[in-house]
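First up is the structure itself, then whatever we jot down about it.
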Amino acid sequence: MLVWSRSGRALVWALFALVFAPLVLAPLAILGIAAFAGDWNSVLPASWTSENIREATAGTNYDSLVVSIETALGASLIAIVVGTWAAIAARGAPRFVRRLTDAVFHLPVAVPSVVVGLGMLVAFSDGPILLNGTKWIVIAAHAVLVVTFAYSTVSAGLDRTDAAFAEVAASLGASPARVLLRVRLPMLLPSITAAASLAIALSMGEVGATIMVYPAEWRTLPVSIFTLTDRGKVLLGSAVTVVLLVATLVVLMVVGLLKGRVEERRRRR
Amino acid sequence: MTAPAIERTASAVASAAPTESAIGIQDLTVRYGSVTALEGLTLEVARGETVALLGPSGSGKSTALKAVAGFLRPAEGRITLAGRDVTYEPPNKRGIGVVVQNYALFPHMRVADNVAFGLRARRVPRAEVGRRVTEALDMVGMAGYARRYPRELSGGQQQRVAIARALAIRPPVLLLDEPLSALDATLRADLLGELQRLRGELPDVAIMYVTHDQTEALALADRIAVMRDARLVDLDATDRLYRRPPSEFTASFLGAANLLDARVLADCTAGDDAVRVAVGGLTVAADPTGAFAEGTRALLVARPHTLGVAEVDRADTLPARLVATQWRGADYRLTCVLEGDVEREIRIDVTDLAAVPALGERLGVALPAEPCVLVPAGAGG
């Protein structure tokens with residue numbers, strides 16, 4: 001919608017600010033303030049300290065940060081590989097197989113994350129694959145939860161790509177593997193990196209399923225935050241949250257830089 | 001008339017076809033679920049020959065090309081390349097050059113890498129790859145663009161690169177799927193000339209050219225296969241198909257001929273000259289393309305440029321009313337409605353408006369002096 005008059009535009013911006021500020025900005029700002037508050041009992045904090053941030057980046061909290069990043073990278077990698085594979089394979093499959101694949105890969109977001117967590121717990125606590133009590137059950141649960149986004153982002157990328165590229169590549173004598181590695185995947189790179197960013201961001205913040213499955217030595221940062229606030233340590237919890245926010249942004253920036261590097265190298269070849 | 005030219009083309013095709021078939025298609029049927037996209041196509045393309053598949057959209061022409069390329073799995077039938085059965089072979093084993101409408105240049109590769117793609121896939125030695133890329137780009141006049149990316153080129157340039165990429169692997173068979181359709185009119189004409197030149201430089205390559213544009217088919221093809229509703233309608237040497245179209249559909253699709261209702265006045269078969277037919281109130285000579293019994297309804301094929309305009313009461317003309325005049329630069333296209341039992345609209349091309357009356361006035365339509373071709377009055381047109 002185009003708004004032409006100056007006052008009309010001002011009104012639209014004001015409305016936007018009215019919705020955006022309390023819903024998005026205010027909670028973030030208050031978190032930022034709380035992270036540096038020494039003691040906060042009235043409108044503004046009574047004293048300031050960097051102690052919370054120091055504690056949030058040391059000891060068990062530091063371990064949790066590393067666990068969170070490792071989990072996010074591992075789960076996202078699995079989700080990207082599986083999701084991309086499924087999206088590409090479904091493209092060439094009969095229609096009902098494609099429909100079924102669509103449904104299966106959308107299931108993890110359709111059901112509550114607690115259900116996914118409980119499902120993993122029941123499935124992998126006994127029998128042929130025993131993951132319960134190891135970090136792998138956390139990574140597996142995260143991979144299941146974010147695979148939907150990898151699958152649907154890559155599927156959307158495939159929808160925008162003409163089948164003619166792969167066909168022409170094959171007609172030029174390229175084997176299916178060569179077509180995949182040299183034509184299809186490079187053309188999907190923007191979708192794949194977008195999917196990776198989304199998967200990492202979601203995994204870094206996941207708490208519902210993680211709480212069901214995490215072993216004592218593999219506690220992610222969101223679980224730590226939950227535990228801290230549960231015990232009433234809101235200010236330290238806020239500081240850990242700020243650390244989580246910054247860490248997520250840094251990881252996403254690194255992914256963005258890597259993508260840029262790949263494209264740059266390709267350009268210089 | 002250019003009858004000798006017709007004979008020559010026909011005999012050249014006839015002598016090449018049985019010995020050196022480059023593409024052989026037998027009873028090819030392709031289905032998408034319950035929809036039949038191509039039904040029972042049989043067609044041979046000889047080494048060095050260009051065959052155009054011409055038809056409106058949905059006629060099955062692109063489907064036929066995709067099946068030959070190996071992009072589609074046929075439901076029935078057989079495809080051979082130089083006598084080798086490739087019906088169920090994957091596209092990368094067929095060794096065919098393919099050029100598609102939207103170029104399909106790999107956007108993440110430079111022009112040179114696009115052209116080298118097929119050579120690298122075939123493990124051609126590195127030094128030779130460079131030489132052959134230059135050679136292929138030279139052929140299409142794009143040698144100066146090797147370091148560019150496809151997005152930095154115009155549509156016409158991209159299509160030239162796509163042609164170079166297909167030719168770099170030196171395929172015995174080249175498939176072109178509406179290669180000029182995405183270009184504007186001027187570029188289309190330029191590139192058509194370029195394709196004609198390339199045809200001359202590649203005397204041994206068999207070309208299958210899919211198009212809905214009769215100009216491209218007439219300019220490039222030795223033979224034209226006219227397709228409609230998933231089937232082959234007519235197949236013949238380009239000259240002969242244009243001059244003696246055997247069916248109503250081919251007559252109107254190839255050259256936008258007028259079809260005049262006629263009644264056959266004596267039994268005749270193909271090759272009889274000057275059979276008498278009644279058209280409106282006139283009795284004229286016609287050239288039958290098949291057998292007609294006396295009294296049959298048939299259609300007289302008259303190209304717009306062969307008809308003339310005369311005074312309305314002249315005895316040897318058909319009375320009509322002028323409904324539209326369109327100036328087309330080189331000539332004028334008149335649209336008239338014939339008077340009589342059936343109000344059929346016809347088109348006449350004239351270079352001079354001196355003898356043409358005003359819009360809405362009556363005029364006489366003069367039939368050509370040569371006997372017009374007579375085709376059966378089929379279903380639809």
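Residue names in the structure tokens use chain letters A, B, ... in the order shown, residue numbers from 1 in each chain, and ligand numbers from 1 in the order shown.
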
> Just asking: which residues within region 109-260 of chain A are helix (DSSP H, G or I) according to DSSP, as a PyMOL selection string?
Replying inline: chain A and resi 109-110+113-123+135-160+164-171+176-205+208-213+221-230+234-260

Using only C-alpha atoms, find each residue of chain B with at least one atom at most 9 Å away from an atom of chain A; report its shortest atom-to-atom pair and that distance in Å (one decimal), sort the rows by chain and rising residue number, and return the result as a tab-separated table.
```
residue	atom	partner	partner_atom	distance
B:Ala69	CA	A:Ser171	CA	6.9
B:Gly70	CA	A:Ser171	CA	8.0
B:Phe71	CA	A:Glu167	CA	6.4
B:Pro90	CA	A:Ala170	CA	8.2
B:Pro91	CA	A:Ser171	CA	5.0
B:Asn92	CA	A:Gly173	CA	4.0
B:Lys93	CA	A:Gly173	CA	6.4
B:Arg94	CA	A:Ser171	CA	7.2
B:Gly95	CA	A:Gly173	CA	6.6
B:Ile96	CA	A:Ser171	CA	6.1
B:Gly97	CA	A:Ser171	CA	6.6
B:Val98	CA	A:Val168	CA	6.4
B:Val99	CA	A:Val168	CA	7.7
B:Val100	CA	A:Ala164	CA	7.6
B:Asn102	CA	A:Ala164	CA	8.6
B:Tyr103	CA	A:Ala164	CA	8.8
B:Ala104	CA	A:Phe165	CA	5.2
B:Leu105	CA	A:Phe165	CA	7.2
B:Phe106	CA	A:Phe165	CA	6.8
B:Pro107	CA	A:Met187	CA	7.6
B:His108	CA	A:Met187	CA	7.0
B:Met109	CA	A:Arg266	CA	8.0
B:Arg110	CA	A:Arg267	CA	8.3
B:Phe117	CA	A:Leu172	CA	7.3
B:Gly118	CA	A:Leu172	CA	4.5
B:Leu119	CA	A:Leu172	CA	7.9
B:Arg120	CA	A:Ala174	CA	8.5
B:Ala121	CA	A:Ala174	CA	5.0
B:Arg122	CA	A:Gly173	CA	6.3
B:Arg165	CA	A:Leu172	CA	8.3
B:Ala166	CA	A:Leu172	CA	7.1
B:Ile169	CA	A:Leu172	CA	7.2
```

> Neighbours of region 219-231 of chain B within 6 Å (only C-alpha atoms; same-chain residues fewer than 4 positions away dropped), as a list in words?
Replying inline: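 Counting only the stated atoms, we get Ala37, Leu38, Glu39, Thr50, Val51, Ala52, Leu53, Leu54, Gly55, Ser59, Gly60, Leu235, Asp236, Ala237 and Thr238 of chain B.
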
Just C-alpha atoms for this one: save the residues we selected as a PDB file, in the first residue's frame.
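Dumped to again.pdb:
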```pdb
ATOM      1  CA  ALA B  37       1.044 -35.373 -24.261  1.00  0.00           C
ATOM      2  CA  LEU B  38       2.282 -37.210 -27.336  1.00  0.00           C
ATOM      3  CA  GLU B  39       0.585 -40.008 -29.198  1.00  0.00           C
ATOM      4  CA  THR B  50      16.828 -30.065 -40.173  1.00  0.00           C
ATOM      5  CA  VAL B  51      13.320 -31.087 -39.228  1.00  0.00           C
ATOM      6  CA  ALA B  52      11.051 -28.515 -37.622  1.00  0.00           C
ATOM      7  CA  LEU B  53       8.271 -29.631 -35.287  1.00  0.00           C
ATOM      8  CA  LEU B  54       5.691 -26.930 -35.818  1.00  0.00           C
ATOM      9  CA  GLY B  55       2.458 -26.563 -33.909  1.00  0.00           C
ATOM     10  CA  SER B  59       0.524 -29.909 -29.598  1.00  0.00           C
ATOM     11  CA  GLY B  60       3.182 -32.228 -28.155  1.00  0.00           C
ATOM     12  CA  LEU B 235       5.112 -34.308 -42.496  1.00  0.00           C
ATOM     13  CA  ASP B 236       6.751 -33.278 -45.733  1.00  0.00           C
ATOM     14  CA  ALA B 237       9.482 -31.253 -47.389  1.00  0.00           C
ATOM     15  CA  THR B 238       9.108 -27.588 -46.415  1.00  0.00           C
TER      16      THR B 238
END
```

> For the atom pair CA of Gly141 (chain B) and CA of Glu194 (chain B), what is the interatomic distance in Å to one decimal place?
Replying inline: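 Computing it gives 9.5 Å between the two atoms.
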
>> I'd like the neighbourhood of Ile33 (chain A) as a PyMOL selection string, where a residue qualifies if any of its atoms comes within 12 Å (using only C-alpha atoms), though same-chain residues fewer than 3 positions away should be ignored.
In response: chain A and resi 26-30+36-40+43-50+52-53+234-236+238-239+241-242

>> Just want the 6 Å neighbourhood of Leu259 (chain B), counted on only C-alpha atoms, with same-chain residues fewer than 5 positions away dropped. Output as a list in words.
In response: Leu299, Leu300 and Val301 of chain B

> Where does DSSP see strand (DSSP E or B) in region 95-332 of chain B, if you list the residues as a PyMOL selection string?
Replying inline: chain B and resi 96-99+173-177+206-211+223-228+231-237+258-264+268+275-279+282-288+292+297-302+308-310+317-327+332

> Neighbours of Ser64 (chain A) within 7 Å (only C-alpha atoms; same-chain residues fewer than 3 positions away dropped), as number ranges by chain?
Replying inline: A: 60-61, 67-68, 219-221

> For Ala75 (chain A), which residue among A:Ser113, A:Thr153, A:Ser197, A:Ser7 is the nearest when counting only C-alpha atoms?
Replying inline: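 Under the stated criterion, the closest residue is A:Ser197.
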